[in-house]
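> Structure file upload19.cif (mmCIF, C-alpha atoms) right here:
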data_final
loop_
_atom_site.group_PDB
_atom_site.id
_atom_site.type_symbol
_atom_site.label_atom_id
_atom_site.label_comp_id
_atom_site.auth_asym_id
_atom_site.auth_seq_id
_atom_site.Cartn_x
_atom_site.Cartn_y
_atom_site.Cartn_z
ATOM 1 C CA MET A 1 -70.108 27.068 -73.705
ATOM 2 C CA GLY A 2 -67.075 25.960 -71.977
ATOM 3 C CA ARG A 3 -66.141 22.348 -71.441
ATOM 4 C CA LYS A 4 -67.263 20.842 -68.143
ATOM 5 C CA ARG A 5 -64.634 19.331 -65.907
ATOM 6 C CA LYS A 6 -64.855 15.786 -64.745
ATOM 7 C CA HIS A 7 -65.871 15.101 -61.157
ATOM 8 C CA SER A 8 -62.557 13.376 -60.444
ATOM 9 C CA GLU A 9 -60.683 16.519 -61.394
ATOM 10 C CA THR A 10 -62.721 18.746 -59.111
ATOM 11 C CA VAL A 11 -62.023 16.638 -56.010
ATOM 12 C CA ALA A 12 -58.670 17.747 -54.719
ATOM 13 C CA ALA A 13 -56.263 15.294 -53.114
ATOM 14 C CA ALA A 14 -56.541 15.213 -49.303
ATOM 15 C CA PRO A 15 -53.534 16.966 -47.740
ATOM 16 C CA VAL A 16 -51.266 14.902 -45.507
ATOM 17 C CA LYS A 17 -51.917 15.756 -41.885
ATOM 18 C CA LYS A 18 -48.936 16.655 -39.745
ATOM 19 C CA ASP A 19 -48.307 14.668 -36.569
ATOM 20 C CA ASP A 20 -49.023 17.238 -33.887
ATOM 21 C CA SER A 21 -48.419 14.778 -31.052
ATOM 22 C CA ALA A 22 -45.305 15.361 -28.941
ATOM 23 C CA PRO A 23 -42.351 12.995 -29.484
ATOM 24 C CA GLU A 24 -41.989 10.146 -27.063
ATOM 25 C CA ARG A 25 -40.227 11.273 -23.915
ATOM 26 C CA PRO A 26 -36.865 9.599 -23.273
ATOM 27 C CA LYS A 27 -36.338 7.476 -20.201
ATOM 28 C CA ARG A 28 -34.986 9.310 -17.179
ATOM 29 C CA THR A 29 -32.207 7.799 -15.052
ATOM 30 C CA LEU A 30 -30.100 8.938 -12.110
ATOM 31 C CA LEU A 31 -27.424 10.131 -14.533
ATOM 32 C CA GLY A 32 -29.804 12.104 -16.805
ATOM 33 C CA TRP A 33 -32.049 11.467 -19.813
ATOM 34 C CA LYS A 34 -31.573 8.302 -21.807
ATOM 35 C CA ASP A 35 -32.361 7.928 -25.538
ATOM 36 C CA LYS A 36 -33.621 4.834 -27.302
ATOM 37 C CA ASN A 37 -30.327 4.440 -29.103
ATOM 38 C CA GLU A 38 -28.513 4.344 -25.779
ATOM 39 C CA ASP A 39 -30.952 1.697 -24.527
ATOM 40 C CA ALA A 40 -30.148 -0.413 -27.545
ATOM 41 C CA GLU A 41 -26.444 0.044 -26.945
ATOM 42 C CA ASP A 42 -26.798 -0.799 -23.260
ATOM 43 C CA SER A 43 -28.695 -3.960 -24.059
ATOM 44 C CA LYS A 44 -25.653 -5.247 -25.935
ATOM 45 C CA PRO A 45 -22.975 -6.940 -23.822
ATOM 46 C CA ALA A 46 -20.076 -4.600 -23.051
ATOM 47 C CA SER A 47 -16.837 -5.911 -24.504
ATOM 48 C CA VAL A 48 -14.585 -3.312 -22.845
ATOM 49 C CA PHE A 49 -13.245 -4.176 -19.365
ATOM 50 C CA ARG A 50 -13.819 -1.508 -16.748
ATOM 51 C CA ASN A 51 -11.712 -1.583 -13.619
ATOM 52 C CA LYS A 52 -13.909 -1.112 -10.529
ATOM 53 C CA GLU A 53 -11.284 -1.961 -7.926
ATOM 54 C CA LYS A 54 -11.912 -0.581 -4.424
ATOM 55 C CA VAL A 55 -9.498 -1.085 -1.537
ATOM 56 C CA LEU A 56 -10.411 -1.083 2.156
ATOM 57 C CA VAL A 57 -7.619 0.308 4.372
ATOM 58 C CA THR A 58 -7.813 -0.273 8.126
ATOM 59 C CA CYS A 59 -5.602 -1.148 11.088
ATOM 60 C CA SER A 60 -5.621 -2.924 14.428
ATOM 61 C CA ARG A 61 -6.105 -1.287 17.796
ATOM 62 C CA ARG A 62 -3.159 0.049 19.826
ATOM 63 C CA ILE A 63 -1.181 0.892 16.681
ATOM 64 C CA SER A 64 1.806 3.180 17.198
ATOM 65 C CA PHE A 65 1.903 6.717 15.829
ATOM 66 C CA ARG A 66 4.530 6.006 13.148
ATOM 67 C CA TYR A 67 2.622 3.087 11.681
ATOM 68 C CA ARG A 68 -0.623 5.074 11.805
ATOM 69 C CA HIS A 69 1.038 7.866 9.824
ATOM 70 C CA LEU A 70 2.253 5.304 7.290
ATOM 71 C CA MET A 71 -1.309 4.061 6.856
ATOM 72 C CA LEU A 72 -2.578 7.622 6.344
ATOM 73 C CA ASN A 73 0.168 8.219 3.768
ATOM 74 C CA MET A 74 -1.046 5.177 1.836
ATOM 75 C CA VAL A 75 -4.626 6.469 2.020
ATOM 76 C CA SER A 76 -3.522 9.790 0.503
ATOM 77 C CA LEU A 77 -1.749 7.955 -2.342
ATOM 78 C CA LEU A 78 -4.724 5.711 -3.213
ATOM 79 C CA PRO A 79 -7.857 7.745 -4.087
ATOM 80 C CA HIS A 80 -9.843 4.551 -4.763
ATOM 81 C CA CYS A 81 -9.458 3.317 -1.166
ATOM 82 C CA LYS A 82 -11.932 3.466 1.719
ATOM 83 C CA LYS A 83 -11.013 3.939 5.387
ATOM 84 C CA ASP A 84 -12.675 2.204 8.284
ATOM 85 C CA SER A 85 -12.422 2.130 12.059
ATOM 86 C CA LYS A 86 -9.877 0.011 13.897
ATOM 87 C CA VAL A 87 -10.394 -3.733 14.189
ATOM 88 C CA GLU A 88 -9.474 -5.866 17.180
ATOM 89 C CA ALA A 89 -6.630 -8.207 16.176
ATOM 90 C CA LYS A 90 -7.973 -11.501 17.542
ATOM 91 C CA SER A 91 -8.836 -14.946 16.241
ATOM 92 C CA SER A 92 -12.104 -13.669 14.689
ATOM 93 C CA ARG A 93 -10.291 -10.932 12.768
ATOM 94 C CA GLY A 94 -10.693 -12.610 9.364
ATOM 95 C CA ALA A 95 -14.473 -13.021 9.572
ATOM 96 C CA THR A 96 -14.911 -9.432 10.803
ATOM 97 C CA LEU A 97 -12.771 -7.968 8.040
ATOM 98 C CA ASN A 98 -14.430 -10.033 5.325
ATOM 99 C CA GLU A 99 -17.789 -8.681 6.475
ATOM 100 C CA LEU A 100 -16.435 -5.106 6.478
ATOM 101 C CA ILE A 101 -15.066 -5.555 2.958
ATOM 102 C CA GLU A 102 -18.460 -6.740 1.757
ATOM 103 C CA LEU A 103 -20.310 -3.885 3.490
ATOM 104 C CA LYS A 104 -17.952 -1.296 1.976
ATOM 105 C CA GLY A 105 -18.348 -2.774 -1.511
ATOM 106 C CA SER A 106 -14.614 -3.351 -1.822
ATOM 107 C CA SER A 107 -12.740 -6.141 -3.542
ATOM 108 C CA SER A 108 -9.361 -5.796 -1.788
ATOM 109 C CA CYS A 109 -8.021 -4.924 1.649
ATOM 110 C CA LEU A 110 -4.847 -3.539 3.233
ATOM 111 C CA PHE A 111 -4.846 -4.373 6.936
ATOM 112 C CA PHE A 112 -2.071 -2.962 9.166
ATOM 113 C CA GLU A 113 -1.611 -5.110 12.262
ATOM 114 C CA CYS A 114 0.645 -3.849 15.071
ATOM 115 C CA ARG A 115 1.951 -6.189 17.776
ATOM 116 C CA LYS A 116 3.704 -5.253 21.027
ATOM 117 C CA HIS A 117 3.791 -1.609 19.833
ATOM 118 C CA LYS A 118 6.937 -2.575 17.876
ATOM 119 C CA ASP A 119 6.228 -4.930 14.978
ATOM 120 C CA LEU A 120 4.049 -4.048 11.982
ATOM 121 C CA TYR A 121 2.445 -6.722 9.810
ATOM 122 C CA MET A 122 0.528 -5.870 6.643
ATOM 123 C CA TRP A 123 -2.152 -8.111 5.143
ATOM 124 C CA MET A 124 -2.813 -7.739 1.416
ATOM 125 C CA VAL A 125 -6.062 -9.536 0.627
ATOM 126 C CA LYS A 126 -8.333 -10.173 -2.345
ATOM 127 C CA SER A 127 -11.845 -10.799 -1.069
ATOM 128 C CA PRO A 128 -13.852 -12.978 -0.920
ATOM 129 C CA GLY A 129 -12.037 -15.749 -2.769
ATOM 130 C CA GLY A 130 -8.441 -14.867 -1.964
ATOM 131 C CA PRO A 131 -5.484 -15.077 -2.166
ATOM 132 C CA SER A 132 -4.010 -13.180 0.779
ATOM 133 C CA VAL A 133 -0.414 -12.311 1.683
ATOM 134 C CA LYS A 134 1.077 -11.496 5.073
ATOM 135 C CA PHE A 135 4.100 -9.162 5.137
ATOM 136 C CA LEU A 136 6.433 -7.990 7.868
ATOM 137 C CA VAL A 137 7.014 -4.255 7.338
ATOM 138 C CA ASN A 138 10.534 -2.968 8.038
ATOM 139 C CA ALA A 139 12.475 0.278 7.470
ATOM 140 C CA VAL A 140 9.389 2.498 7.802
ATOM 141 C CA HIS A 141 9.853 6.202 6.992
ATOM 142 C CA THR A 142 6.759 8.378 6.632
ATOM 143 C CA MET A 143 6.345 11.557 4.586
ATOM 144 C CA GLU A 144 6.329 13.713 7.714
ATOM 145 C CA GLU A 145 9.733 12.588 8.951
ATOM 146 C CA LEU A 146 11.477 12.398 5.564
ATOM 147 C CA LYS A 147 10.696 16.011 4.474
ATOM 148 C CA LEU A 148 11.610 15.342 0.852
ATOM 149 C CA THR A 149 11.271 17.971 -1.882
ATOM 150 C CA GLY A 150 8.968 15.974 -4.178
ATOM 151 C CA ASN A 151 5.334 17.099 -4.436
ATOM 152 C CA HIS A 152 3.103 15.411 -7.003
ATOM 153 C CA LEU A 153 -0.588 16.087 -7.637
ATOM 154 C CA LYS A 154 -2.882 14.465 -5.105
ATOM 155 C CA GLY A 155 -5.131 11.857 -6.693
ATOM 156 C CA SER A 156 -3.126 11.502 -9.893
ATOM 157 C CA ARG A 157 -2.677 8.036 -11.360
ATOM 158 C CA PRO A 158 0.782 6.513 -10.791
ATOM 159 C CA LEU A 159 2.952 4.497 -13.148
ATOM 160 C CA LEU A 160 3.813 1.094 -11.646
ATOM 161 C CA THR A 161 7.321 -0.224 -12.262
ATOM 162 C CA PHE A 162 8.664 -3.603 -11.165
ATOM 163 C CA SER A 163 12.179 -5.001 -11.190
ATOM 164 C CA SER A 164 12.943 -7.969 -13.429
ATOM 165 C CA ASN A 165 13.184 -10.255 -10.351
ATOM 166 C CA PHE A 166 9.400 -10.480 -10.224
ATOM 167 C CA GLU A 167 9.455 -12.867 -13.195
ATOM 168 C CA LYS A 168 11.806 -15.498 -11.791
ATOM 169 C CA ASP A 169 9.482 -17.432 -9.410
ATOM 170 C CA ALA A 170 5.766 -18.199 -9.252
ATOM 171 C CA HIS A 171 5.166 -16.498 -5.890
ATOM 172 C CA TRP A 172 6.831 -13.280 -7.109
ATOM 173 C CA LYS A 173 4.548 -13.310 -10.177
ATOM 174 C CA LEU A 174 1.518 -13.658 -7.905
ATOM 175 C CA LEU A 175 2.715 -10.777 -5.720
ATOM 176 C CA LYS A 176 3.276 -8.610 -8.797
ATOM 177 C CA GLU A 177 -0.282 -9.210 -9.986
ATOM 178 C CA MET A 178 -1.721 -8.388 -6.552
ATOM 179 C CA LEU A 179 0.359 -5.202 -6.282
ATOM 180 C CA THR A 180 -0.767 -4.173 -9.769
ATOM 181 C CA GLN A 181 -4.443 -4.634 -8.948
ATOM 182 C CA ILE A 182 -4.342 -2.931 -5.538
ATOM 183 C CA PHE A 183 -1.973 0.004 -6.251
ATOM 184 C CA GLY A 184 -3.191 0.617 -9.806
ATOM 185 C CA ILE A 185 -5.810 3.408 -9.709
ATOM 186 C CA PRO A 186 -8.814 2.711 -12.003
ATOM 187 C CA GLU A 187 -9.092 4.942 -15.040
ATOM 188 C CA GLY A 188 -11.848 7.523 -14.741
ATOM 189 C CA HIS A 189 -12.280 7.152 -10.988
ATOM 190 C CA ARG A 190 -14.243 10.091 -9.569
ATOM 191 C CA LYS A 191 -11.549 10.968 -6.998
ATOM 192 C CA SER A 192 -8.581 10.559 -9.334
ATOM 193 C CA LYS A 193 -6.976 12.977 -11.772
ATOM 194 C CA PRO A 194 -6.317 11.954 -15.401
ATOM 195 C CA TYR A 195 -2.576 12.610 -15.139
ATOM 196 C CA HIS A 196 0.538 10.498 -14.652
ATOM 197 C CA ASP A 197 3.008 12.599 -12.682
ATOM 198 C CA HIS A 198 4.515 10.076 -10.242
ATOM 199 C CA VAL A 199 5.883 6.530 -10.184
ATOM 200 C CA PHE A 200 5.498 3.654 -7.719
ATOM 201 C CA VAL A 201 8.689 1.573 -7.756
ATOM 202 C CA PHE A 202 8.707 -2.010 -6.435
ATOM 203 C CA SER A 203 12.143 -3.622 -6.271
ATOM 204 C CA ILE A 204 13.267 -6.996 -4.914
ATOM 205 C CA VAL A 205 16.532 -6.877 -2.944
ATOM 206 C CA ASP A 206 17.532 -9.737 -0.603
ATOM 207 C CA ASP A 207 14.082 -11.342 -1.017
ATOM 208 C CA HIS A 208 12.413 -8.162 0.282
ATOM 209 C CA ILE A 209 10.114 -5.811 -1.660
ATOM 210 C CA TRP A 210 11.256 -2.185 -1.365
ATOM 211 C CA PHE A 211 8.690 0.550 -2.073
ATOM 212 C CA ARG A 212 9.556 4.030 -3.335
ATOM 213 C CA ASN A 213 7.410 6.882 -4.666
ATOM 214 C CA TYR A 214 8.934 9.385 -7.132
ATOM 215 C CA GLN A 215 7.572 12.522 -8.743
ATOM 216 C CA ILE A 216 8.158 12.964 -12.497
ATOM 217 C CA SER A 217 9.581 16.455 -12.809
ATOM 218 C CA VAL A 218 9.403 18.252 -16.188
ATOM 219 C CA PRO A 219 10.637 21.836 -16.930
ATOM 220 C CA HIS A 220 7.751 24.330 -17.110
ATOM 221 C CA ASN A 221 9.416 27.329 -18.791
ATOM 222 C CA GLU A 222 8.698 27.820 -22.478
ATOM 223 C CA SER A 223 12.393 27.997 -23.291
ATOM 224 C CA ASP A 224 13.117 24.747 -21.454
ATOM 225 C CA LYS A 225 9.888 22.953 -22.392
ATOM 226 C CA ILE A 226 10.788 19.524 -23.727
ATOM 227 C CA ALA A 227 9.279 17.820 -26.726
ATOM 228 C CA ARG A 228 7.035 14.811 -26.331
ATOM 229 C CA GLY A 229 9.092 11.641 -26.079
ATOM 230 C CA ASP A 230 12.271 13.420 -25.000
ATOM 231 C CA LEU A 231 13.366 11.949 -21.641
ATOM 232 C CA ASP A 232 16.751 13.662 -21.325
ATOM 233 C CA LYS A 233 15.560 16.515 -19.117
ATOM 234 C CA MET A 234 13.001 14.539 -17.092
ATOM 235 C CA THR A 235 14.037 13.907 -13.494
ATOM 236 C CA LEU A 236 12.662 11.830 -10.637
ATOM 237 C CA ILE A 237 12.267 13.426 -7.196
ATOM 238 C CA GLU A 238 11.426 11.163 -4.266
ATOM 239 C CA VAL A 239 8.206 11.974 -2.435
ATOM 240 C CA GLY A 240 7.823 9.160 0.095
ATOM 241 C CA PRO A 241 6.901 7.209 2.086
ATOM 242 C CA ARG A 242 9.501 4.431 2.271
ATOM 243 C CA TYR A 243 9.073 0.918 3.593
ATOM 244 C CA CYS A 244 10.214 -2.640 3.023
ATOM 245 C CA LEU A 245 7.926 -5.686 2.756
ATOM 246 C CA ASN A 246 9.147 -9.110 3.839
ATOM 247 C CA PRO A 247 6.659 -11.750 2.549
ATOM 248 C CA LEU A 248 5.961 -14.359 5.224
ATOM 249 C CA LYS A 249 3.119 -16.506 3.887
ATOM 250 C CA ILE A 250 0.715 -16.630 0.949
ATOM 251 C CA PHE A 251 -2.690 -18.147 1.708
ATOM 252 C CA GLY A 252 -5.227 -19.498 -0.746
ATOM 253 C CA GLY A 253 -8.235 -17.827 0.899
ATOM 254 C CA SER A 254 -9.130 -14.474 2.385
ATOM 255 C CA PHE A 255 -7.243 -14.007 5.697
ATOM 256 C CA GLY A 256 -6.494 -17.715 5.835
ATOM 257 C CA GLY A 257 -6.847 -20.960 3.954
ATOM 258 C CA PRO A 258 -4.268 -23.382 2.584
ATOM 259 C CA THR A 259 -0.679 -22.144 2.622
ATOM 260 C CA LEU A 260 0.598 -21.632 -0.936
ATOM 261 C CA TYR A 261 4.030 -20.281 -0.008
ATOM 262 C CA GLU A 262 6.068 -19.899 3.189
ATOM 263 C CA ASN A 263 9.297 -17.940 3.482
ATOM 264 C CA PRO A 264 12.037 -20.372 4.623
ATOM 265 C CA PHE A 265 14.410 -17.545 5.639
ATOM 266 C CA TYR A 266 11.993 -15.725 7.933
ATOM 267 C CA VAL A 267 13.091 -15.074 11.514
ATOM 268 C CA SER A 268 10.490 -13.510 13.794
ATOM 269 C CA PRO A 269 11.310 -10.223 15.571
ATOM 270 C CA ASN A 270 10.743 -11.963 18.923
ATOM 271 C CA GLN A 271 13.600 -14.377 18.218
ATOM 272 C CA ILE A 272 15.857 -11.519 17.152
ATOM 273 C CA ARG A 273 15.145 -9.603 20.370
ATOM 274 C CA ALA A 274 15.705 -12.764 22.433
ATOM 275 C CA LEU A 275 19.122 -13.263 20.807
ATOM 276 C CA GLU A 276 20.037 -9.652 21.499
ATOM 277 C CA LYS A 277 19.082 -10.088 25.168
ATOM 278 C CA ARG A 278 21.157 -13.234 25.374
ATOM 279 C CA ASN A 279 24.151 -11.452 23.931
ATOM 280 C CA LYS A 280 23.769 -8.628 26.435
ATOM 281 C CA ALA A 281 23.290 -11.137 29.247
ATOM 282 C CA GLY A 282 26.446 -12.935 28.080
ATOM 283 C CA LYS A 283 28.467 -9.728 28.307
ATOM 284 C CA PHE A 284 27.231 -9.102 31.851
ATOM 285 C CA ALA A 285 28.009 -12.710 32.864
ATOM 286 C CA LYS A 286 31.536 -12.294 31.486
ATOM 287 C CA LYS A 287 32.047 -9.203 33.670
ATOM 288 C CA ILE A 288 30.846 -11.064 36.781
ATOM 289 C CA LYS A 289 33.163 -13.991 36.028
ATOM 290 C CA ALA A 290 36.091 -11.643 35.533
ATOM 291 C CA LYS A 291 35.450 -9.957 38.903
ATOM 292 C CA THR A 292 35.194 -13.342 40.631
ATOM 293 C CA ARG A 293 38.450 -14.534 39.074
ATOM 294 C CA ARG A 294 40.152 -11.339 40.187
ATOM 295 C CA LYS A 295 39.020 -11.808 43.802
ATOM 296 C CA MET A 296 40.098 -15.470 43.833
ATOM 297 C CA HIS A 297 43.480 -14.475 42.428
ATOM 298 C CA GLU A 298 43.938 -11.842 45.143
ATOM 299 C CA LEU A 299 43.033 -14.347 47.881
ATOM 300 C CA SER A 300 45.332 -17.041 46.542
ATOM 301 C CA ASN A 301 48.231 -14.653 45.987
ATOM 302 C CA PRO A 302 48.320 -12.256 48.974
ATOM 303 C CA LEU A 303 50.811 -9.422 48.932
ATOM 304 C CA GLU A 304 53.750 -9.458 51.372
ATOM 305 C CA PRO A 305 53.465 -6.930 54.230
ATOM 306 C CA ASP A 306 55.118 -3.630 53.476
ATOM 307 C CA GLU A 307 57.831 -2.593 55.954
ATOM 308 C CA PHE A 308 56.907 1.076 55.630
ATOM 309 C CA THR A 309 53.212 0.575 56.361
ATOM 310 C CA ASP A 310 53.447 1.473 60.112
ATOM 311 C CA MET A 311 56.263 3.980 59.800
ATOM 312 C CA TRP A 312 54.215 7.038 60.887
ATOM 313 C CA ASN A 313 51.945 5.231 63.410
ATOM 314 C CA ASP A 314 54.491 5.475 66.298
ATOM 315 C CA GLU A 315 54.347 9.232 66.381
#
Could you render the structure from this file as structure tokens?

Amino acid sequence: MGRKRKHSETVAAAPVKKDDSAPERPKRTLLGWKDKNEDAEDSKPASVFRNKEKVLVTCSRRISFRYRHLMLNMVSLLPHCKKDSKVEAKSSRGATLNELIELKGSSSCLFFECRKHKDLYMWMVKSPGGPSVKFLVNAVHTMEELKLTGNHLKGSRPLLTFSSNFEKDAHWKLLKEMLTQIFGIPEGHRKSKPYHDHVFVFSIVDDHIWFRNYQISVPHNESDKIARGDLDKMTLIEVGPRYCLNPLKIFGGSFGGPTLYENPFYVSPNQIRALEKRNKAGKFAKKIKAKTRRKMHELSNPLEPDEFTDMWNDE
């Protein structure tokens, strides 16, 4: 007879059951499905700064056509800006604009204010805490009237360059920081292109900020294609627009507040026009005085009668 097996040997080990249940479904968001690992990463504080700057661009009523075209040129150059309807330039302008900035979800504002259909003032504001700067805009030339040959990609991110004068005084440093935040397009913005093919140039000449926009032109032919880092064949072609900013006042708040800086050399356009009228009026007064002197001289020094005056009257 054969040997009997033990009972423990006959009982086979229970096989491990497979988990037939479906895996846990990831969380769904507006941007797609979200995994657990991403949730854990999102729960951690983000250490990388992300620029979410948005700029509101608007103007006052009764703005002239040239200044309106300048505003539209700036809108085309800044893909992270938002347009809004015209605002009445009155005493309640600041409160209205601050409310518009909040409704639009913006953090900055460029407000073009036209007075007497002649003078253009530009407000550059950080909302809601400030500061804000008021500029007088001179030497305005829009893209339509310049007709320059430059043509960069719309929505591309510009390089910002500043002259060394921006480091000499505190108010110039503040203006440089505000220009950097407002004109610098955020990286990865949905309306921007991930290219740098033009340059915004801000230069200080005679205490005025001069703005220029240049296209970076690079040869496209394979034979002329330049190596990376070689700047010999790169050229700058002006695109436009052109304008000059004369800083008048810097305020501590949004559209107002304590005055941080005031330009001591500022002369309002009204005073300049009044002086021009006085000069013209002075020229006219000089002509009237000269005519009066001439008449008085003729009366005081009459001519002697001419003996040949009545020579032909007898006949």
> Go through region 205-276 of chain A and flag each residue having an atom no more than 7 Å from region 149-168 of chain A; for those, report the closest pair of atoms plus their distance in Å to one decimal, using only C-alpha atoms, ordered by chain and rising number, as a Markdown table.

| residue | atom | partner | partner_atom | distance |
| --- | --- | --- | --- | --- |
| A:Gln215 | CA | A:His152 | CA | 5.6 |
| A:Ile237 | CA | A:Gly150 | CA | 5.1 |
| A:Glu238 | CA | A:Gly150 | CA | 5.4 |
| A:Val239 | CA | A:Gly150 | CA | 4.4 |
> Let me know the residues the PyMOL selection byres ((chain A and resi 114-123) around 7) catches in the file above, as a list in words.
Ser60, Ile63, Ser64, Leu110, Phe111, Phe112, Glu113, Met124, Val125, Ser132, Val133, Lys134, Phe135, Leu136 and Val137 of chain A
> To one decimal place in Å, what is the distance between CA of Pro194 (chain A) and CA of Pro79 (chain A)?
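Computing the Euclidean distance for CA of Pro194 (chain A) and CA of Pro79 (chain A) yields 12.2 Å.
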> For the structure provided, state which residues fall under the PyMOL selection byres ((chain A and resi 71) around 8), and present them as a compact mmCIF listing (two decimals) with C-alpha atoms, keeping the file's coordinate frame.

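Writing done, so here's expr_16.txt:
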# COMPACT_ATOMS: atom_id res chain seq x y z
CA VAL A 57 -7.62 0.31 4.37
CA THR A 58 -7.81 -0.27 8.13
CA CYS A 59 -5.60 -1.15 11.09
CA TYR A 67 2.62 3.09 11.68
CA ARG A 68 -0.62 5.07 11.80
CA HIS A 69 1.04 7.87 9.82
CA LEU A 70 2.25 5.30 7.29
CA LEU A 72 -2.58 7.62 6.34
CA ASN A 73 0.17 8.22 3.77
CA MET A 74 -1.05 5.18 1.84
CA VAL A 75 -4.63 6.47 2.02
CA PHE A 112 -2.07 -2.96 9.17
> So which residues are close to (-4.4, -12.4, -3.8), meaning at most 10 Å away in the file's coordinates with only C-alpha atoms counted, and can you show them as a VMD selection string?
chain A and resid 108 to 109 124 to 133 174 to 179 181 to 182 250 to 254
> Nearest residue to Ser107 (chain A) out of A:Ala95, A:Leu303, A:Leu56, A:Val87, using all atoms listed in the file?
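Smallest separation from Ser107 (chain A) among the options: A:Leu56.
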> Given the PyMOL selection byres ((chain A and resi 88) around 10) and the file above, list the residues it selects as a ChimeraX atom specification.
/A:59-62,85-87,89-93,96-97,113
> Between CA of Asn270 (chain A) and CA of Lys249 (chain A), measure the distance and give it in Å to one decimal.
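Interatomic distance here is 17.5 Å.
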> Which residue out of A:Tyr261, A:His189, A:Gly94, A:Asp207 has the minimum interatomic distance to Ala170 (chain A) when only C-alpha atoms are used?
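Smallest separation from Ala170 (chain A) among the options: A:Tyr261.
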> One decimal, Å: what's the distance from CA of Ile101 (chain A) over to CA of Gly256 (chain A), could you say?
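Value for the CA of Ile101 (chain A)-CA of Gly256 (chain A) distance: 15.2 Å.
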